[in-house]
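Next comes run31.cif, with mmCIF, C-alpha atoms.
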data_query
loop_
_atom_site.group_PDB
_atom_site.id
_atom_site.type_symbol
_atom_site.label_atom_id
_atom_site.label_comp_id
_atom_site.auth_asym_id
_atom_site.auth_seq_id
_atom_site.Cartn_x
_atom_site.Cartn_y
_atom_site.Cartn_z
ATOM 1 C CA MET J 274 74.142 21.626 100.191
ATOM 2 C CA SER J 275 70.771 23.327 100.536
ATOM 3 C CA ASP J 276 68.119 22.158 102.966
ATOM 4 C CA ILE J 277 65.888 20.986 100.137
ATOM 5 C CA LYS J 278 68.634 18.898 98.534
ATOM 6 C CA LEU J 279 69.558 17.404 101.899
ATOM 7 C CA LEU J 280 65.921 16.529 102.624
ATOM 8 C CA ARG J 281 65.504 14.943 99.186
ATOM 9 C CA LYS J 282 68.669 12.911 99.708
ATOM 10 C CA GLN J 283 67.407 11.716 103.113
ATOM 11 C CA LEU J 284 64.017 10.958 101.589
ATOM 12 C CA ASN J 285 65.530 8.811 98.842
ATOM 13 C CA LYS J 286 67.641 6.880 101.344
ATOM 14 C CA LEU J 287 64.647 6.281 103.610
ATOM 15 C CA LYS J 288 62.519 5.140 100.671
ATOM 16 C CA ASN J 289 65.229 2.674 99.668
ATOM 17 C CA ASP J 290 65.522 1.414 103.249
ATOM 18 C CA HIS J 291 61.742 1.054 103.451
ATOM 19 C CA TYR J 292 61.676 -0.913 100.205
ATOM 20 C CA GLU J 293 64.444 -3.258 101.368
ATOM 21 C CA LEU J 294 62.730 -3.837 104.698
ATOM 22 C CA ASP J 295 59.475 -4.561 102.894
ATOM 23 C CA ARG J 296 61.208 -7.176 100.734
ATOM 24 C CA THR J 297 62.847 -8.765 103.785
ATOM 25 C CA ILE J 298 59.568 -8.872 105.703
ATOM 26 C CA LEU J 299 57.743 -10.406 102.749
ATOM 27 C CA HIS J 300 60.465 -13.035 102.402
ATOM 28 C CA LEU J 301 60.357 -13.910 106.105
ATOM 29 C CA THR J 302 56.565 -13.943 106.095
ATOM 30 C CA ALA J 303 56.514 -16.344 103.150
ATOM 31 C CA GLN J 304 58.736 -18.693 105.131
ATOM 32 C CA LYS J 305 56.320 -18.599 108.061
ATOM 33 C CA PHE J 306 54.016 -21.038 106.312
ATOM 34 C CA ASP J 307 56.351 -23.750 107.558
ATOM 35 C CA ILE J 308 54.899 -24.803 110.932
ATOM 36 C CA GLU J 309 58.310 -25.510 112.439
ATOM 37 C CA THR J 310 59.444 -21.985 111.649
ATOM 38 C CA LYS J 311 56.465 -20.528 113.504
ATOM 39 C CA LYS J 312 57.637 -22.250 116.676
ATOM 40 C CA ASN J 313 60.907 -20.286 116.677
ATOM 41 C CA PRO J 314 60.327 -17.202 118.870
ATOM 42 C CA HIS J 315 63.586 -15.593 117.734
ATOM 43 C CA GLU J 316 62.346 -15.386 114.152
ATOM 44 C CA LEU J 317 58.970 -14.058 115.232
ATOM 45 C CA ASN J 318 60.677 -11.383 117.336
ATOM 46 C CA GLN J 319 62.933 -10.498 114.431
ATOM 47 C CA LEU J 320 59.916 -10.103 112.155
ATOM 48 C CA ARG J 321 58.150 -7.922 114.723
ATOM 49 C CA ASP J 322 61.232 -5.705 115.101
ATOM 50 C CA LEU J 323 61.578 -5.320 111.333
ATOM 51 C CA LYS J 324 57.933 -4.279 111.063
ATOM 52 C CA LYS J 325 58.424 -1.665 113.802
ATOM 53 C CA LYS J 326 61.489 -0.312 112.025
ATOM 54 C CA LYS J 327 59.567 -0.164 108.747
ATOM 55 C CA LEU J 328 56.785 1.842 110.414
ATOM 56 C CA SER J 329 59.327 4.209 111.929
ATOM 57 C CA ILE J 330 60.903 4.778 108.525
ATOM 58 C CA ARG J 331 57.462 5.362 107.005
ATOM 59 C CA ASP J 332 56.816 8.058 109.625
ATOM 60 C CA GLN J 333 60.173 9.692 108.852
ATOM 61 C CA ILE J 334 59.333 9.660 105.132
ATOM 62 C CA PHE J 335 55.986 11.315 105.855
ATOM 63 C CA ASN J 336 57.639 14.020 107.978
ATOM 64 C CA ILE J 337 60.247 14.812 105.340
ATOM 65 C CA GLN J 338 57.581 14.985 102.630
ATOM 66 C CA LYS J 339 55.664 17.439 104.812
ATOM 67 C CA GLN J 340 58.783 19.563 105.227
ATOM 68 C CA LEU J 341 59.407 19.559 101.489
ATOM 69 C CA GLN J 342 55.825 20.678 100.849
ATOM 70 C CA GLY J 343 56.450 23.589 103.207
ATOM 71 C CA TYR J 344 59.456 24.685 101.121
ATOM 72 C CA GLU J 345 57.463 24.476 97.899
ATOM 73 C CA LYS J 346 54.758 26.866 99.092
#

Would you mind writing the file's structure down as structure tokens?
Amino acid sequence: MSDIKLLRKQLNKLKNDHYELDRTILHLTAQKFDIETKKNPHELNQLRDLKKKKLSIRDQIFNIQKQLQGYEK
């Protein structure tokens, strides 16, 4: 498989992962309106970790897109 095809495959997987994380974070955030839920530090830590992972995936997506632009030139 060529480098470009491999990068595009990785990019699609990362975009899907990013989308799924976004949905999960939105779902958990919507539940946070319940005051009792806000008192649970485990859930708050889980939400924080998911947001960090989402940012990491976004950075990976950006880097792959940059690499693909380099191939297209």

Handout entry: Explicit residues for the PyMOL selection byres ((chain J and resi 330) around 10) (as a VMD selection string)
Key = chain J and resid 284 287 to 288 290 to 291 294 324 to 329 331 to 336

Problem - Option closest in space to Arg281 (chain J), from J:Gly343, J:Arg321, J:Pro314, J:Gln338 [counting only C-alpha atoms] - result: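 Selected residue with least distance to Arg281 (chain J): J:Gln338.
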
Practice task
Can you work out the spacing between CA of Leu320 (chain J) and CA of Ile298 (chain J) in Å, to one decimal?
Solution key: 6.6 Å

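When CA of Gln319 (chain J) is paired with CA of Asn289 (chain J), their separation reads 19.9 Å.
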
Problem - J:Leu323, J:Ala303, J:Ile337, J:Arg296 ranked by distance to Lys282 (chain J), top pick (using only C-alpha atoms) - result: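 Smallest distance to Lys282 (chain J) is found for J:Ile337.
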
Handout entry: For CA of Asp295 (chain J) and CA of Tyr344 (chain J), the interatomic separation in Å (one decimal)
Key =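 Separating CA of Asp295 (chain J) from CA of Tyr344 (chain J) is a distance of 29.3 Å.
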
Practice task
Point out the residue among J:Tyr292, J:Lys339, J:Glu345, J:Leu317 with the least atom-to-atom distance to Gln304 (chain J), counting only C-alpha atoms.
Solution key: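 Ranking J:Tyr292, J:Lys339, J:Glu345, J:Leu317 by distance to Gln304 (chain J), first place goes to J:Leu317.
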